[in-house]
Amino acid sequence: DSGVTQTPKHLITATGQRVTLRCSPRSGDLSVYWYQQSLDQGLQFLIQYYNGEERAKGNILERFSAQQFPDLHSELNLSSLELGDSALYFCASSPQDRGGLVGAGELFFGEGSRLTVL
Amino acid sequence: SQQGEEDPQALSIQEGENATMNCSYKTSINNLQWYRQNSGRGLVHLILIRSNEREKHSGRLRVTLDTSKKSSSLLITASRAADTASYFCATDARGYSTLTFGKGTMLLVSP
C-alpha cells in the first residue's frame, strides 16, 4: 500500500460527459502528479501541483483541468469526454518538489482510476 | 513524446533465469528510475540511479547507467514467477523535476 488513495476505482460514462477523479496523497507529501496510461500512448505526464500551486504541465488537454486543495488532496476534472479519453488515470505523490537541479525523487503511485467512455 | 524507450517490449523466461531490460533516453538527465507495474495496478518504485553513478544494486536488482550512450539496464537475477510484471524506466530531464516514462517491458516468468 503506497498510501496514495484514488477514487473512484472504476468509472463508466458517455461521450460528452464530465467526470472528476480524486486523489489523496501520502500523509505529508506536498507534490501531486497526474498521469494518464493508455495502450497506445503509454504513461503520459499530465500535470503537477506542489502545495496548492501548479508546478509543471505536460500533455494535458484543454478539456482537462486539475487543482490541489489546502488539505493537499487533488482533483482531475475531465470534460467533454471522448472515446479516446478512456484510460487509466494515476495520481502520484512525493514529499517535495526537489527542483530542476536535483531532479525528481521517488514517486508513490495510487492504484489508479479506470475511466471507460462509451 | 516518450523520453525513455525500453527494450525488449516483451520478455519471457523461466524461473531461476536472469532478466535484462534496457532503456534508452534522449536528453541529459538528473536521475533515472525504474518502476514495476503489476497488471492494471499502480506503479511501484524499484530503484533510482543518479546521473553521476554507474551502477547500483538493490537485492536481486542491478541497474547500470551509461550517460555517454544515454542508456540504462535493469538486471533481475534468479527470477521468480512473482517478478511477472511490466517494468518502466523513468527519467527527469535536466532542469525539470517531473518524470517521463517509457512504454515498458512486459516480463513473464514461467514456473
# chains A, B, ... in the order shown; residues from 1 in each chain; ligands from 1

call {"tool": "interface_residues", "arguments": {"of": "chain B", "to": "chain A", "cutoff": "7 Å", "atoms": "only C-alpha atoms", "output": "list of chain:residue names"}}
result
B:Asn30, B:Asn31, B:Arg41, B:Gly42, B:Leu43, B:Val44, B:His45, B:Asp92, B:Arg94, B:Gly95, B:Tyr96, B:Ser97, B:Thr98, B:Leu99, B:Thr100, B:Phe101, B:Lys103

call {"tool": "write_last_selection", "arguments": {"atoms": "N, CA, C and O atoms", "output": "mmCIF file, in the first residue's frame"}}
result
data_model
loop_
_atom_site.group_PDB
_atom_site.id
_atom_site.type_symbol
_atom_site.label_atom_id
_atom_site.label_comp_id
_atom_site.auth_asym_id
_atom_site.auth_seq_id
_atom_site.Cartn_x
_atom_site.Cartn_y
_atom_site.Cartn_z
ATOM 1 N N ASN B 30 18.883 14.193 -14.728
ATOM 2 C CA ASN B 30 19.345 14.263 -13.340
ATOM 3 C C ASN B 30 19.469 12.847 -12.784
ATOM 4 O O ASN B 30 20.490 12.469 -12.230
ATOM 5 N N ASN B 31 18.370 12.115 -12.887
ATOM 6 C CA ASN B 31 18.296 10.762 -12.339
ATOM 7 C C ASN B 31 17.533 9.863 -13.298
ATOM 8 O O ASN B 31 16.759 10.342 -14.138
ATOM 9 N N ARG B 41 -2.301 -2.373 -12.048
ATOM 10 C CA ARG B 41 -2.137 -1.800 -10.709
ATOM 11 C C ARG B 41 -1.268 -0.545 -10.768
ATOM 12 O O ARG B 41 -0.797 -0.136 -11.819
ATOM 13 N N GLY B 42 -1.063 0.068 -9.619
ATOM 14 C CA GLY B 42 -0.206 1.243 -9.569
ATOM 15 C C GLY B 42 1.264 0.882 -9.716
ATOM 16 O O GLY B 42 1.671 -0.243 -9.473
ATOM 17 N N LEU B 43 2.046 1.865 -10.134
ATOM 18 C CA LEU B 43 3.474 1.625 -10.297
ATOM 19 C C LEU B 43 4.166 1.668 -8.936
ATOM 20 O O LEU B 43 3.791 2.443 -8.061
ATOM 21 N N VAL B 44 5.187 0.827 -8.826
ATOM 22 C CA VAL B 44 5.953 0.753 -7.578
ATOM 23 C C VAL B 44 7.408 1.050 -7.890
ATOM 24 O O VAL B 44 7.991 0.458 -8.806
ATOM 25 N N HIS B 45 7.984 1.968 -7.144
ATOM 26 C CA HIS B 45 9.374 2.358 -7.351
ATOM 27 C C HIS B 45 10.308 1.218 -6.976
ATOM 28 O O HIS B 45 10.138 0.560 -5.936
ATOM 29 N N ASP B 92 14.125 12.172 -15.517
ATOM 30 C CA ASP B 92 13.777 13.572 -15.349
ATOM 31 C C ASP B 92 14.837 14.386 -16.077
ATOM 32 O O ASP B 92 16.005 14.353 -15.705
ATOM 33 N N ARG B 94 17.245 17.170 -17.301
ATOM 34 C CA ARG B 94 17.952 18.186 -16.507
ATOM 35 C C ARG B 94 17.211 19.518 -16.592
ATOM 36 O O ARG B 94 16.863 19.971 -17.668
ATOM 37 N N GLY B 95 16.942 20.087 -15.433
ATOM 38 C CA GLY B 95 16.189 21.337 -15.377
ATOM 39 C C GLY B 95 14.732 21.133 -15.027
ATOM 40 O O GLY B 95 13.996 22.095 -14.824
ATOM 41 N N TYR B 96 14.327 19.890 -14.928
ATOM 42 C CA TYR B 96 12.939 19.581 -14.617
ATOM 43 C C TYR B 96 12.871 18.581 -13.462
ATOM 44 O O TYR B 96 13.807 17.823 -13.236
ATOM 45 N N SER B 97 11.766 18.607 -12.765
ATOM 46 C CA SER B 97 11.609 17.667 -11.653
ATOM 47 C C SER B 97 10.462 16.707 -11.885
ATOM 48 O O SER B 97 9.998 16.065 -10.959
ATOM 49 N N THR B 98 9.992 16.608 -13.121
ATOM 50 C CA THR B 98 8.917 15.664 -13.417
ATOM 51 C C THR B 98 9.491 14.461 -14.152
ATOM 52 O O THR B 98 10.481 14.565 -14.864
ATOM 53 N N LEU B 99 8.866 13.329 -13.956
ATOM 54 C CA LEU B 99 9.327 12.077 -14.546
ATOM 55 C C LEU B 99 8.615 11.784 -15.853
ATOM 56 O O LEU B 99 7.400 11.942 -15.940
ATOM 57 N N THR B 100 9.380 11.354 -16.836
ATOM 58 C CA THR B 100 8.835 10.888 -18.108
ATOM 59 C C THR B 100 9.110 9.400 -18.213
ATOM 60 O O THR B 100 10.249 8.962 -18.041
ATOM 61 N N PHE B 101 8.081 8.639 -18.505
ATOM 62 C CA PHE B 101 8.172 7.181 -18.534
ATOM 63 C C PHE B 101 8.255 6.655 -19.948
ATOM 64 O O PHE B 101 7.668 7.221 -20.875
ATOM 65 N N LYS B 103 7.584 3.144 -22.460
ATOM 66 C CA LYS B 103 6.395 2.313 -22.660
ATOM 67 C C LYS B 103 6.492 0.969 -21.959
ATOM 68 O O LYS B 103 5.524 0.225 -21.921
#

call {"tool": "select_by_dssp", "arguments": {"residues": "chain A", "states": "alpha helix (DSSP H)", "output": "NGL selection string"}}
result
:A and (99-102)

call {"tool": "write_last_selection", "arguments": {"atoms": "C-alpha atoms", "output": "PDB file, in the first residue's frame"}}
result
ATOM      1  CA  GLY A  99      13.554  21.321  -8.256  1.00  0.00           C
ATOM      2  CA  GLY A 100      15.102  21.021 -11.652  1.00  0.00           C
ATOM      3  CA  LEU A 101      18.684  20.930 -10.393  1.00  0.00           C
ATOM      4  CA  VAL A 102      18.226  17.910  -8.188  1.00  0.00           C
TER       5      VAL A 102
END

call {"tool": "residues_around", "arguments": {"residues": "Ser27 (chain A)", "least_positions_apart": "6", "cutoff": "10 Å", "atoms": "only C-alpha atoms", "output": "list in words"}}
result
Gly3, Val4, Leu72, Ser93, Ser94 and Pro95 of chain A

call {"tool": "write_last_selection", "arguments": {"atoms": "C-alpha atoms", "output": "mmCIF file, in the first residue's frame"}}
result
data_model
loop_
_atom_site.group_PDB
_atom_site.id
_atom_site.type_symbol
_atom_site.label_atom_id
_atom_site.label_comp_id
_atom_site.auth_asym_id
_atom_site.auth_seq_id
_atom_site.Cartn_x
_atom_site.Cartn_y
_atom_site.Cartn_z
ATOM 1 C CA GLY A 3 -0.530 5.462 0.983
ATOM 2 C CA VAL A 4 -1.962 7.288 -2.050
ATOM 3 C CA LEU A 72 -3.414 18.726 -0.273
ATOM 4 C CA SER A 93 2.780 11.960 -4.704
ATOM 5 C CA SER A 94 6.205 12.842 -3.415
ATOM 6 C CA PRO A 95 7.397 14.652 -0.308
#

call {"tool": "closest_residue", "arguments": {"among": "A:Gln67, A:His73, A:Ile60, A:Ala14", "to": "Arg26 (chain A)", "atoms": "only C-alpha atoms"}}
result
A:His73

call {"tool": "select_by_dssp", "arguments": {"residues": "region 4-95 of chain B", "states": "strand (DSSP E)", "output": "PyMOL selection string"}}
result
chain B and resi 4-7+10-14+19-25+29-37+43-50+55-58+61-66+71-76+85-93

call {"tool": "residues_around", "arguments": {"residues": "Glu17 (chain B)", "least_positions_apart": "2", "cutoff": "7 Å", "atoms": "only C-alpha atoms", "output": "list in words"}}
result
Ile13, Gln14, Glu15, Ala19, Thr77, Ala78 and Ser79 of chain B

call {"tool": "residues_around", "arguments": {"residues": "Ala66 (chain A)", "least_positions_apart": "2", "cutoff": "6 Å", "atoms": "only C-alpha atoms", "output": "PyMOL selection string"}}
result
chain A and resi 75-77

call {"tool": "write_last_selection", "arguments": {"atoms": "N, CA and C atoms", "output": "PDB file, in the first residue's frame"}}
result
ATOM      1  N   GLU A  75      -7.822  17.032  -7.380  1.00  0.00           N
ATOM      2  CA  GLU A  75      -8.876  16.548  -8.267  1.00  0.00           C
ATOM      3  C   GLU A  75      -8.496  16.814  -9.705  1.00  0.00           C
ATOM      4  N   LEU A  76      -8.798  15.851 -10.562  1.00  0.00           N
ATOM      5  CA  LEU A  76      -8.594  15.978 -12.003  1.00  0.00           C
ATOM      6  C   LEU A  76      -9.977  15.974 -12.643  1.00  0.00           C
ATOM      7  N   ASN A  77     -10.295  17.050 -13.321  1.00  0.00           N
ATOM      8  CA  ASN A  77     -11.585  17.181 -13.982  1.00  0.00           C
ATOM      9  C   ASN A  77     -11.438  16.954 -15.473  1.00  0.00           C
TER      10      ASN A  77
END

call {"tool": "residues_around", "arguments": {"residues": "His57 (chain B)", "least_positions_apart": "2", "cutoff": "12 Å", "atoms": "only C-alpha atoms", "output": "list in words"}}
result
Leu46, Ile47, Leu48, Ile49, Glu53, Arg54, Glu55, Gly59, Arg60, Leu61, Arg62, Val63, Thr64, Leu65, Ser73, Leu74, Leu75, Ile76 and Thr77 of chain B

call {"tool": "write_last_selection", "arguments": {"atoms": "N, CA, C and O atoms", "output": "mmCIF file, in the first residue's frame"}}
result
data_model
loop_
_atom_site.group_PDB
_atom_site.id
_atom_site.type_symbol
_atom_site.label_atom_id
_atom_site.label_comp_id
_atom_site.auth_asym_id
_atom_site.auth_seq_id
_atom_site.Cartn_x
_atom_site.Cartn_y
_atom_site.Cartn_z
ATOM 1 N N LEU B 46 11.292 0.957 -7.840
ATOM 2 C CA LEU B 46 12.278 -0.096 -7.573
ATOM 3 C C LEU B 46 13.621 0.487 -7.161
ATOM 4 O O LEU B 46 14.204 0.091 -6.152
ATOM 5 N N ILE B 47 14.131 1.406 -7.963
ATOM 6 C CA ILE B 47 15.486 1.875 -7.729
ATOM 7 C C ILE B 47 15.701 3.199 -8.459
ATOM 8 O O ILE B 47 15.098 3.453 -9.499
ATOM 9 N N LEU B 48 16.545 4.049 -7.900
ATOM 10 C CA LEU B 48 16.912 5.326 -8.501
ATOM 11 C C LEU B 48 18.421 5.360 -8.642
ATOM 12 O O LEU B 48 19.152 4.994 -7.708
ATOM 13 N N ILE B 49 18.899 5.766 -9.814
ATOM 14 C CA ILE B 49 20.329 5.916 -10.023
ATOM 15 C C ILE B 49 20.583 7.343 -10.499
ATOM 16 O O ILE B 49 19.884 7.849 -11.381
ATOM 17 N N GLU B 53 26.301 8.276 -11.118
ATOM 18 C CA GLU B 53 26.525 6.888 -10.707
ATOM 19 C C GLU B 53 26.538 5.995 -11.932
ATOM 20 O O GLU B 53 25.868 6.278 -12.933
ATOM 21 N N ARG B 54 27.258 4.897 -11.852
ATOM 22 C CA ARG B 54 27.343 3.972 -12.993
ATOM 23 C C ARG B 54 26.620 2.663 -12.720
ATOM 24 O O ARG B 54 26.176 1.995 -13.662
ATOM 25 N N GLU B 55 26.524 2.291 -11.459
ATOM 26 C CA GLU B 55 25.897 1.018 -11.142
ATOM 27 C C GLU B 55 25.300 1.103 -9.743
ATOM 28 O O GLU B 55 25.838 1.786 -8.860
ATOM 29 N N GLY B 59 19.019 -5.706 -3.587
ATOM 30 C CA GLY B 59 18.551 -7.099 -3.555
ATOM 31 C C GLY B 59 18.943 -7.828 -4.825
ATOM 32 O O GLY B 59 20.121 -7.876 -5.190
ATOM 33 N N ARG B 60 17.958 -8.371 -5.547
ATOM 34 C CA ARG B 60 18.229 -9.089 -6.792
ATOM 35 C C ARG B 60 18.275 -8.159 -8.005
ATOM 36 O O ARG B 60 18.389 -8.627 -9.137
ATOM 37 N N LEU B 61 18.194 -6.867 -7.779
ATOM 38 C CA LEU B 61 18.206 -5.896 -8.874
ATOM 39 C C LEU B 61 19.582 -5.264 -9.023
ATOM 40 O O LEU B 61 20.234 -4.927 -8.037
ATOM 41 N N ARG B 62 19.980 -5.130 -10.289
ATOM 42 C CA ARG B 62 21.218 -4.411 -10.585
ATOM 43 C C ARG B 62 20.915 -3.458 -11.727
ATOM 44 O O ARG B 62 20.415 -3.863 -12.774
ATOM 45 N N VAL B 63 21.197 -2.190 -11.521
ATOM 46 C CA VAL B 63 20.953 -1.174 -12.541
ATOM 47 C C VAL B 63 22.286 -0.558 -12.945
ATOM 48 O O VAL B 63 23.130 -0.277 -12.095
ATOM 49 N N THR B 64 22.453 -0.389 -14.241
ATOM 50 C CA THR B 64 23.614 0.330 -14.742
ATOM 51 C C THR B 64 23.144 1.547 -15.517
ATOM 52 O O THR B 64 22.024 1.587 -16.033
ATOM 53 N N LEU B 65 24.002 2.525 -15.583
ATOM 54 C CA LEU B 65 23.695 3.760 -16.300
ATOM 55 C C LEU B 65 24.919 4.190 -17.076
ATOM 56 O O LEU B 65 26.020 4.281 -16.530
ATOM 57 N N SER B 73 20.344 -0.196 -17.966
ATOM 58 C CA SER B 73 19.828 -1.560 -17.993
ATOM 59 C C SER B 73 19.417 -1.967 -16.583
ATOM 60 O O SER B 73 19.993 -1.516 -15.601
ATOM 61 N N LEU B 74 18.402 -2.805 -16.541
ATOM 62 C CA LEU B 74 17.913 -3.378 -15.284
ATOM 63 C C LEU B 74 18.079 -4.879 -15.380
ATOM 64 O O LEU B 74 17.552 -5.497 -16.303
ATOM 65 N N LEU B 75 18.814 -5.449 -14.459
ATOM 66 C CA LEU B 75 19.014 -6.887 -14.398
ATOM 67 C C LEU B 75 18.312 -7.421 -13.166
ATOM 68 O O LEU B 75 18.534 -6.924 -12.062
ATOM 69 N N ILE B 76 17.455 -8.403 -13.373
ATOM 70 C CA ILE B 76 16.821 -9.113 -12.262
ATOM 71 C C ILE B 76 17.433 -10.505 -12.246
ATOM 72 O O ILE B 76 17.291 -11.259 -13.211
ATOM 73 N N THR B 77 18.108 -10.836 -11.172
ATOM 74 C CA THR B 77 18.754 -12.147 -11.098
ATOM 75 C C THR B 77 17.816 -13.172 -10.457
ATOM 76 O O THR B 77 16.946 -12.826 -9.659
#

call {"tool": "closest_residue", "arguments": {"among": "B:Asn52, B:Ser12, B:Thr91, B:Asp83", "to": "Trp34 (chain B)", "atoms": "only C-alpha atoms"}}
result
B:Thr91

call {"tool": "atom_distance", "arguments": {"atom1": "CA of Glu5 (chain B)", "atom2": "CA of Gln33 (chain B)"}}
result
12.8 Å

call {"tool": "residues_around", "arguments": {"residues": "Thr5 (chain A)", "least_positions_apart": "5", "cutoff": "7 Å", "atoms": "only C-alpha atoms", "output": "PyMOL selection string"}}
result
chain A and resi 23-25+110

call {"tool": "closest_residue", "arguments": {"among": "B:Leu108, B:Glu6, B:Ser51, B:Ala93", "to": "Met21 (chain B)", "atoms": "only C-alpha atoms"}}
result
B:Glu6
